[in-house]
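Asker: Before anything else, here's the structure in question.
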Amino acid sequence: MEAEFDDSLLGGRYRLKQQIGQGAMGVVYRAEDLDLGREVALKLLHGRSLTSPNAFARFDREADALAKISHDSVVTIFDRGTSPTGAPFIVMELIKGASLSEVLASAKLEGRHDNPAWLRDSLGIDGIQETSLLRLFMRWSAELANGLSAAHAAGIFHRDVKPSNIIIRQNGTPVLLDFGIAASLADESLTQAESTLGTPAYMPPETLSRQENKSLPAHDVYSLTATLYHLLTLRPPYEGSPQEVLAALVTREPVPAVNVRAGLPRDAQAILDCGLARQPQKRYPSIEAFERDVRSFLAFEPIKARPISAASRAFRRFRRSRVAVAVALAALLFGLLTVAQTTRARRAETARAAFHESFAHVPANLGIVGMANRVIADAELAEGVEDRLDQLVAAGHQPVTSYALRAAFRLDHGNVPGSVDDMSQVADALGTPYGRALGERYSALPRDANNAGELDLEDLPAPSSALDHYMVGFHQLRQLKYGDAAKWLEHPELQEVRHAQELLLLTRTLIFGQLHGQEKFDELYQATQLFIEEVTAIEGFFGYRSAMTAHFLALANVHQNRRGQAIAYCDQGIALAPASH
């Protein structure tokens, strides 16, 4: 979901403008550097990665790696910092152009001919001097190799070279991105899990044998050559499901490119054969050697590599056939494990996306305004809210939040049995003495109850988990005990629970009325400005605006006498959730 963040300010100078990408760890935004008056790309570690020490290490590794490299074919880092919520960010040059994946997709989809002029018309890539795609792709590979050479000279090895990590600038030059799993020869901290990171179609075979840290330069040689193979043939070296690719990776060589692309020059095939050699010691000894051969090819000069003969290919197949079954079984097992992990990750990501899509439309202040105002009198609006809460529950992500919100809505609208059922789900999800006791208090409600004030929440067991703290804070607000709620919601492990973060923000607004009543307008402006930064940091952290945060921004702008902006934010909040208070 793409969102605008007009007031977002990180590091005191970067205003987020628009989400332009999202990866496994971070969300990338187009941002404005207010100090230097220029647009930049800002990569922010996103919510679900903030509890992973490995994610922090990878993010730091990327910043450290980029800081050591200065080259036109490697993205430039400008700055790094930490958001108010503790999420690290990296500020880089904003590259305007198309990813190499987009180039390949367009070439394959349209059956592009060898004249590269279509790149300008279809993708806005200009400044191309070569007259054929073959030579253009070889030149891009040489320029990327030169960038990797600068990285290797700085002791940095990318380990994830692939089309999606390469952007072609509008002037026709390639740039390498995403050094998140970069490593150095001296890096002793790489775990086995980290050593197998990468995309299977571009991973060298030794990755699967846990020899990665002994052949870091050879890894980049292989991956860049695999990318060149994809460019020249319009398909990666290995195709199929992840387990099929992994099985093929350890049992056979790629189909010779010349068999896929008729008329491929003999020297181009030789470069691919050498760069994709299964044994690291038989590849180009360095990325510089790969670049020299590619540039010799472009200059119509002899290259060092020699193509593999048909007899040699046949002998290699025969030599591997004796162990192919055993190796294939091992690769299949590894692949099945990988697929299972990938499937779980995709399901979790799907659930998370569905949850946040629904959460954005939950009415602001649901169940925590004055008791008399909690009932949504309009039947159609009330039905719409219940449908949205049903979707939240169905997503299966963060069940404590989902069931607690629906339990609150049901209780406020007189559906005590439904509320009791939902709170029993919360108790099961919490799995703590506090959670079980809370569920019992709901079960003890009279069947004609219709508000949280009728709940007996005295003498409950002490909260023992972060989510226990969240439920205590939520119910404090439900019973209008605003002063006590904040201390429960400030638990550090609640950072990824958006509803808890929004409730905590709500407690921050209490000071606004006090300062206004005391006519301390300078302090009020400072407090609301800080509040705006906190709200937009939450939006950046999770990657979207909710009805609640839209109304928070409206409230802050009212106190800053920015009425037009306040109305605009109100309109956004009402559009997201018409039943908002």
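Identifiers for the structure tokens are assigned positionally: chains receive A, B, ... in sequence, residues are indexed from 1 per chain, and ligands are indexed from 1 in the order shown.
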For range 219-232 of chain A, list every protein, DNA or RNA residue within 7 Å, evaluated using only C-alpha atoms, and leave out those in the same chain fewer than 4 positions away; present the list as a PDB file with all heavy atoms, in the first residue's frame.

Answerer:
```pdb
ATOM      1  N   LEU A 104      14.374  -6.884 -18.012  1.00  0.00           N
ATOM      2  CA  LEU A 104      14.216  -8.267 -18.460  1.00  0.00           C
ATOM      3  C   LEU A 104      12.752  -8.604 -18.723  1.00  0.00           C
ATOM      4  O   LEU A 104      12.427  -9.273 -19.711  1.00  0.00           O
ATOM      5  CB  LEU A 104      14.796  -9.206 -17.408  1.00  0.00           C
ATOM      6  CG  LEU A 104      16.323  -9.253 -17.349  1.00  0.00           C
ATOM      7  CD1 LEU A 104      16.793  -9.895 -16.047  1.00  0.00           C
ATOM      8  CD2 LEU A 104      16.870 -10.023 -18.548  1.00  0.00           C
ATOM      9  N   LEU A 134      23.100  -7.238 -27.040  1.00  0.00           N
ATOM     10  CA  LEU A 134      24.216  -8.078 -26.631  1.00  0.00           C
ATOM     11  C   LEU A 134      25.360  -7.233 -26.103  1.00  0.00           C
ATOM     12  O   LEU A 134      25.871  -7.445 -24.993  1.00  0.00           O
ATOM     13  CB  LEU A 134      24.683  -8.938 -27.798  1.00  0.00           C
ATOM     14  CG  LEU A 134      26.015  -9.670 -27.600  1.00  0.00           C
ATOM     15  CD1 LEU A 134      25.901 -10.696 -26.487  1.00  0.00           C
ATOM     16  CD2 LEU A 134      26.473 -10.328 -28.902  1.00  0.00           C
ATOM     17  N   PHE A 137      24.318  -5.268 -22.831  1.00  0.00           N
ATOM     18  CA  PHE A 137      24.294  -6.084 -21.627  1.00  0.00           C
ATOM     19  C   PHE A 137      25.708  -6.454 -21.184  1.00  0.00           C
ATOM     20  O   PHE A 137      25.990  -6.515 -19.986  1.00  0.00           O
ATOM     21  CB  PHE A 137      23.461  -7.341 -21.864  1.00  0.00           C
ATOM     22  CG  PHE A 137      21.980  -7.080 -22.052  1.00  0.00           C
ATOM     23  CD1 PHE A 137      21.163  -8.013 -22.692  1.00  0.00           C
ATOM     24  CD2 PHE A 137      21.397  -5.889 -21.602  1.00  0.00           C
ATOM     25  CE1 PHE A 137      19.805  -7.778 -22.863  1.00  0.00           C
ATOM     26  CE2 PHE A 137      20.040  -5.651 -21.771  1.00  0.00           C
ATOM     27  CZ  PHE A 137      19.246  -6.598 -22.406  1.00  0.00           C
ATOM     28  N   SER A 141      27.503  -5.309 -17.625  1.00  0.00           N
ATOM     29  CA  SER A 141      28.182  -6.283 -16.766  1.00  0.00           C
ATOM     30  C   SER A 141      29.591  -5.824 -16.431  1.00  0.00           C
ATOM     31  O   SER A 141      30.057  -5.987 -15.289  1.00  0.00           O
ATOM     32  CB  SER A 141      28.223  -7.653 -17.453  1.00  0.00           C
ATOM     33  OG  SER A 141      26.920  -8.142 -17.681  1.00  0.00           O
ATOM     34  N   PHE A 157      32.084  -7.748   0.090  1.00  0.00           N
ATOM     35  CA  PHE A 157      31.604  -8.691  -0.917  1.00  0.00           C
ATOM     36  C   PHE A 157      30.082  -8.725  -0.845  1.00  0.00           C
ATOM     37  O   PHE A 157      29.510  -8.951   0.213  1.00  0.00           O
ATOM     38  CB  PHE A 157      32.218 -10.071  -0.678  1.00  0.00           C
ATOM     39  CG  PHE A 157      33.723 -10.020  -0.671  1.00  0.00           C
ATOM     40  CD1 PHE A 157      34.421  -9.811   0.515  1.00  0.00           C
ATOM     41  CD2 PHE A 157      34.434 -10.111  -1.856  1.00  0.00           C
ATOM     42  CE1 PHE A 157      35.793  -9.715   0.521  1.00  0.00           C
ATOM     43  CE2 PHE A 157      35.814 -10.018  -1.856  1.00  0.00           C
ATOM     44  CZ  PHE A 157      36.503  -9.815  -0.673  1.00  0.00           C
ATOM     45  N   HIS A 158      29.449  -8.505  -1.976  1.00  0.00           N
ATOM     46  CA  HIS A 158      28.004  -8.257  -2.001  1.00  0.00           C
ATOM     47  C   HIS A 158      27.186  -9.478  -1.626  1.00  0.00           C
ATOM     48  O   HIS A 158      26.290  -9.403  -0.789  1.00  0.00           O
ATOM     49  CB  HIS A 158      27.601  -7.757  -3.393  1.00  0.00           C
ATOM     50  CG  HIS A 158      26.211  -7.220  -3.464  1.00  0.00           C
ATOM     51  ND1 HIS A 158      25.097  -8.031  -3.523  1.00  0.00           N
ATOM     52  CD2 HIS A 158      25.735  -5.952  -3.486  1.00  0.00           C
ATOM     53  CE1 HIS A 158      24.010  -7.288  -3.581  1.00  0.00           C
ATOM     54  NE2 HIS A 158      24.365  -6.015  -3.562  1.00  0.00           N
ATOM     55  N   ARG A 159      27.400 -10.613  -2.281  1.00  0.00           N
ATOM     56  CA  ARG A 159      26.757 -11.903  -2.016  1.00  0.00           C
ATOM     57  C   ARG A 159      25.292 -12.002  -2.454  1.00  0.00           C
ATOM     58  O   ARG A 159      24.661 -13.016  -2.213  1.00  0.00           O
ATOM     59  CB  ARG A 159      26.841 -12.287  -0.531  1.00  0.00           C
ATOM     60  CG  ARG A 159      28.248 -12.399   0.012  1.00  0.00           C
ATOM     61  CD  ARG A 159      28.271 -13.214   1.276  1.00  0.00           C
ATOM     62  NE  ARG A 159      27.441 -12.634   2.314  1.00  0.00           N
ATOM     63  CZ  ARG A 159      26.904 -13.339   3.303  1.00  0.00           C
ATOM     64  NH1 ARG A 159      27.108 -14.621   3.384  1.00  0.00           N
ATOM     65  NH2 ARG A 159      26.155 -12.738   4.227  1.00  0.00           N
ATOM     66  N   VAL A 161      24.122 -10.437  -5.758  1.00  0.00           N
ATOM     67  CA  VAL A 161      23.997  -9.766  -7.052  1.00  0.00           C
ATOM     68  C   VAL A 161      22.916 -10.475  -7.858  1.00  0.00           C
ATOM     69  O   VAL A 161      22.966 -11.691  -8.049  1.00  0.00           O
ATOM     70  CB  VAL A 161      25.334  -9.796  -7.821  1.00  0.00           C
ATOM     71  CG1 VAL A 161      25.180  -9.127  -9.179  1.00  0.00           C
ATOM     72  CG2 VAL A 161      26.434  -9.119  -7.009  1.00  0.00           C
ATOM     73  N   LYS A 162      21.928  -9.721  -8.309  1.00  0.00           N
ATOM     74  CA  LYS A 162      20.826 -10.272  -9.097  1.00  0.00           C
ATOM     75  C   LYS A 162      20.091  -9.105  -9.745  1.00  0.00           C
ATOM     76  O   LYS A 162      20.274  -7.939  -9.344  1.00  0.00           O
ATOM     77  CB  LYS A 162      19.877 -11.079  -8.213  1.00  0.00           C
ATOM     78  CG  LYS A 162      19.273 -10.288  -7.048  1.00  0.00           C
ATOM     79  CD  LYS A 162      18.437 -11.191  -6.152  1.00  0.00           C
ATOM     80  CE  LYS A 162      17.883 -10.396  -4.961  1.00  0.00           C
ATOM     81  NZ  LYS A 162      17.097 -11.262  -4.053  1.00  0.00           N
ATOM     82  N   PRO A 163      19.263  -9.368 -10.738  1.00  0.00           N
ATOM     83  CA  PRO A 163      18.611  -8.263 -11.471  1.00  0.00           C
ATOM     84  C   PRO A 163      17.817  -7.306 -10.598  1.00  0.00           C
ATOM     85  O   PRO A 163      17.822  -6.090 -10.846  1.00  0.00           O
ATOM     86  CB  PRO A 163      17.712  -9.004 -12.463  1.00  0.00           C
ATOM     87  CG  PRO A 163      18.434 -10.289 -12.716  1.00  0.00           C
ATOM     88  CD  PRO A 163      19.027 -10.672 -11.390  1.00  0.00           C
ATOM     89  N   TYR A 202      20.740 -17.454  -8.575  1.00  0.00           N
ATOM     90  CA  TYR A 202      21.999 -16.723  -8.760  1.00  0.00           C
ATOM     91  C   TYR A 202      23.048 -17.116  -7.711  1.00  0.00           C
ATOM     92  O   TYR A 202      24.091 -16.483  -7.614  1.00  0.00           O
ATOM     93  CB  TYR A 202      21.730 -15.207  -8.711  1.00  0.00           C
ATOM     94  CG  TYR A 202      20.632 -14.781  -9.638  1.00  0.00           C
ATOM     95  CD1 TYR A 202      19.321 -14.672  -9.184  1.00  0.00           C
ATOM     96  CD2 TYR A 202      20.876 -14.536 -10.987  1.00  0.00           C
ATOM     97  CE1 TYR A 202      18.288 -14.331 -10.042  1.00  0.00           C
ATOM     98  CE2 TYR A 202      19.858 -14.187 -11.857  1.00  0.00           C
ATOM     99  CZ  TYR A 202      18.559 -14.080 -11.380  1.00  0.00           C
ATOM    100  OH  TYR A 202      17.539 -13.754 -12.240  1.00  0.00           O
ATOM    101  N   MET A 203      22.765 -18.152  -6.937  1.00  0.00           N
ATOM    102  CA  MET A 203      23.679 -18.602  -5.884  1.00  0.00           C
ATOM    103  C   MET A 203      24.668 -19.614  -6.440  1.00  0.00           C
ATOM    104  O   MET A 203      24.296 -20.508  -7.191  1.00  0.00           O
ATOM    105  CB  MET A 203      22.893 -19.261  -4.738  1.00  0.00           C
ATOM    106  CG  MET A 203      22.137 -18.310  -3.856  1.00  0.00           C
ATOM    107  SD  MET A 203      20.902 -19.182  -2.816  1.00  0.00           S
ATOM    108  CE  MET A 203      21.833 -20.585  -2.218  1.00  0.00           C
ATOM    109  N   PRO A 204      25.941 -19.524  -6.069  1.00  0.00           N
ATOM    110  CA  PRO A 204      26.912 -20.537  -6.507  1.00  0.00           C
ATOM    111  C   PRO A 204      26.700 -21.843  -5.754  1.00  0.00           C
ATOM    112  O   PRO A 204      26.196 -21.845  -4.623  1.00  0.00           O
ATOM    113  CB  PRO A 204      28.260 -19.897  -6.152  1.00  0.00           C
ATOM    114  CG  PRO A 204      27.962 -18.973  -5.031  1.00  0.00           C
ATOM    115  CD  PRO A 204      26.572 -18.456  -5.278  1.00  0.00           C
ATOM    116  N   SER A 215      34.979 -18.369   0.045  1.00  0.00           N
ATOM    117  CA  SER A 215      34.994 -18.040  -1.380  1.00  0.00           C
ATOM    118  C   SER A 215      34.137 -16.829  -1.693  1.00  0.00           C
ATOM    119  O   SER A 215      33.379 -16.816  -2.656  1.00  0.00           O
ATOM    120  CB  SER A 215      34.494 -19.236  -2.191  1.00  0.00           C
ATOM    121  OG  SER A 215      33.189 -19.610  -1.774  1.00  0.00           O
ATOM    122  N   PRO A 236      16.942 -17.134 -16.312  1.00  0.00           N
ATOM    123  CA  PRO A 236      18.050 -17.383 -15.387  1.00  0.00           C
ATOM    124  C   PRO A 236      18.716 -18.720 -15.676  1.00  0.00           C
ATOM    125  O   PRO A 236      18.159 -19.563 -16.407  1.00  0.00           O
ATOM    126  CB  PRO A 236      17.365 -17.377 -14.021  1.00  0.00           C
ATOM    127  CG  PRO A 236      15.951 -17.727 -14.303  1.00  0.00           C
ATOM    128  CD  PRO A 236      15.628 -17.170 -15.657  1.00  0.00           C
ATOM    129  N   PRO A 237      19.891 -18.974 -15.115  1.00  0.00           N
ATOM    130  CA  PRO A 237      20.597 -20.237 -15.371  1.00  0.00           C
ATOM    131  C   PRO A 237      19.786 -21.475 -15.007  1.00  0.00           C
ATOM    132  O   PRO A 237      19.905 -22.517 -15.650  1.00  0.00           O
ATOM    133  CB  PRO A 237      21.847 -20.123 -14.499  1.00  0.00           C
ATOM    134  CG  PRO A 237      22.052 -18.660 -14.309  1.00  0.00           C
ATOM    135  CD  PRO A 237      20.683 -18.077 -14.262  1.00  0.00           C
ATOM    136  N   ALA A 257      24.309 -21.267 -22.869  1.00  0.00           N
ATOM    137  CA  ALA A 257      23.550 -20.110 -23.364  1.00  0.00           C
ATOM    138  C   ALA A 257      23.386 -20.141 -24.867  1.00  0.00           C
ATOM    139  O   ALA A 257      22.369 -19.700 -25.405  1.00  0.00           O
ATOM    140  CB  ALA A 257      24.234 -18.820 -22.915  1.00  0.00           C
ATOM    141  N   LEU A 272      30.724 -16.940 -19.973  1.00  0.00           N
ATOM    142  CA  LEU A 272      29.706 -17.534 -19.114  1.00  0.00           C
ATOM    143  C   LEU A 272      30.197 -18.852 -18.513  1.00  0.00           C
ATOM    144  O   LEU A 272      29.989 -19.113 -17.314  1.00  0.00           O
ATOM    145  CB  LEU A 272      28.415 -17.758 -19.902  1.00  0.00           C
ATOM    146  CG  LEU A 272      27.704 -16.506 -20.422  1.00  0.00           C
ATOM    147  CD1 LEU A 272      26.502 -16.900 -21.279  1.00  0.00           C
ATOM    148  CD2 LEU A 272      27.254 -15.610 -19.278  1.00  0.00           C
ATOM    149  N   GLY A 275      32.731 -18.025 -15.718  1.00  0.00           N
ATOM    150  CA  GLY A 275      32.132 -17.375 -14.555  1.00  0.00           C
ATOM    151  C   GLY A 275      31.174 -18.261 -13.795  1.00  0.00           C
ATOM    152  O   GLY A 275      30.967 -18.075 -12.589  1.00  0.00           O
ATOM    153  N   LEU A 276      30.583 -19.257 -14.480  1.00  0.00           N
ATOM    154  CA  LEU A 276      29.617 -20.151 -13.845  1.00  0.00           C
ATOM    155  C   LEU A 276      30.221 -21.515 -13.498  1.00  0.00           C
ATOM    156  O   LEU A 276      29.487 -22.456 -13.200  1.00  0.00           O
ATOM    157  CB  LEU A 276      28.401 -20.355 -14.760  1.00  0.00           C
ATOM    158  CG  LEU A 276      27.527 -19.127 -15.016  1.00  0.00           C
ATOM    159  CD1 LEU A 276      26.415 -19.452 -16.019  1.00  0.00           C
ATOM    160  CD2 LEU A 276      26.911 -18.601 -13.719  1.00  0.00           C
ATOM    161  N   ILE A 287      37.021 -10.672  -9.652  1.00  0.00           N
ATOM    162  CA  ILE A 287      36.033  -9.930 -10.425  1.00  0.00           C
ATOM    163  C   ILE A 287      36.722  -9.068 -11.484  1.00  0.00           C
ATOM    164  O   ILE A 287      36.176  -8.795 -12.556  1.00  0.00           O
ATOM    165  CB  ILE A 287      35.144  -9.072  -9.489  1.00  0.00           C
ATOM    166  CG1 ILE A 287      33.840  -8.656 -10.206  1.00  0.00           C
ATOM    167  CG2 ILE A 287      35.887  -7.852  -8.977  1.00  0.00           C
ATOM    168  CD1 ILE A 287      32.880  -9.783 -10.433  1.00  0.00           C
TER     169      ILE A 287
END
```

Asker: Between A:Gln391, A:Ser443, A:Ser546, A:Gln243, which one has atoms that come closest to Val420 in chain A, using only C-alpha atoms?

Answerer: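 Closest to Val420 in chain A, using only C-alpha atoms: A:Ser443.
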
Asker: Need to verify the contact set: Glu239 in chain A, 10 Å, only C-alpha atoms, exclusion of same-chain residues closer than 2 positions in sequence. Can you return it as a count of residues only?

Answerer: 12
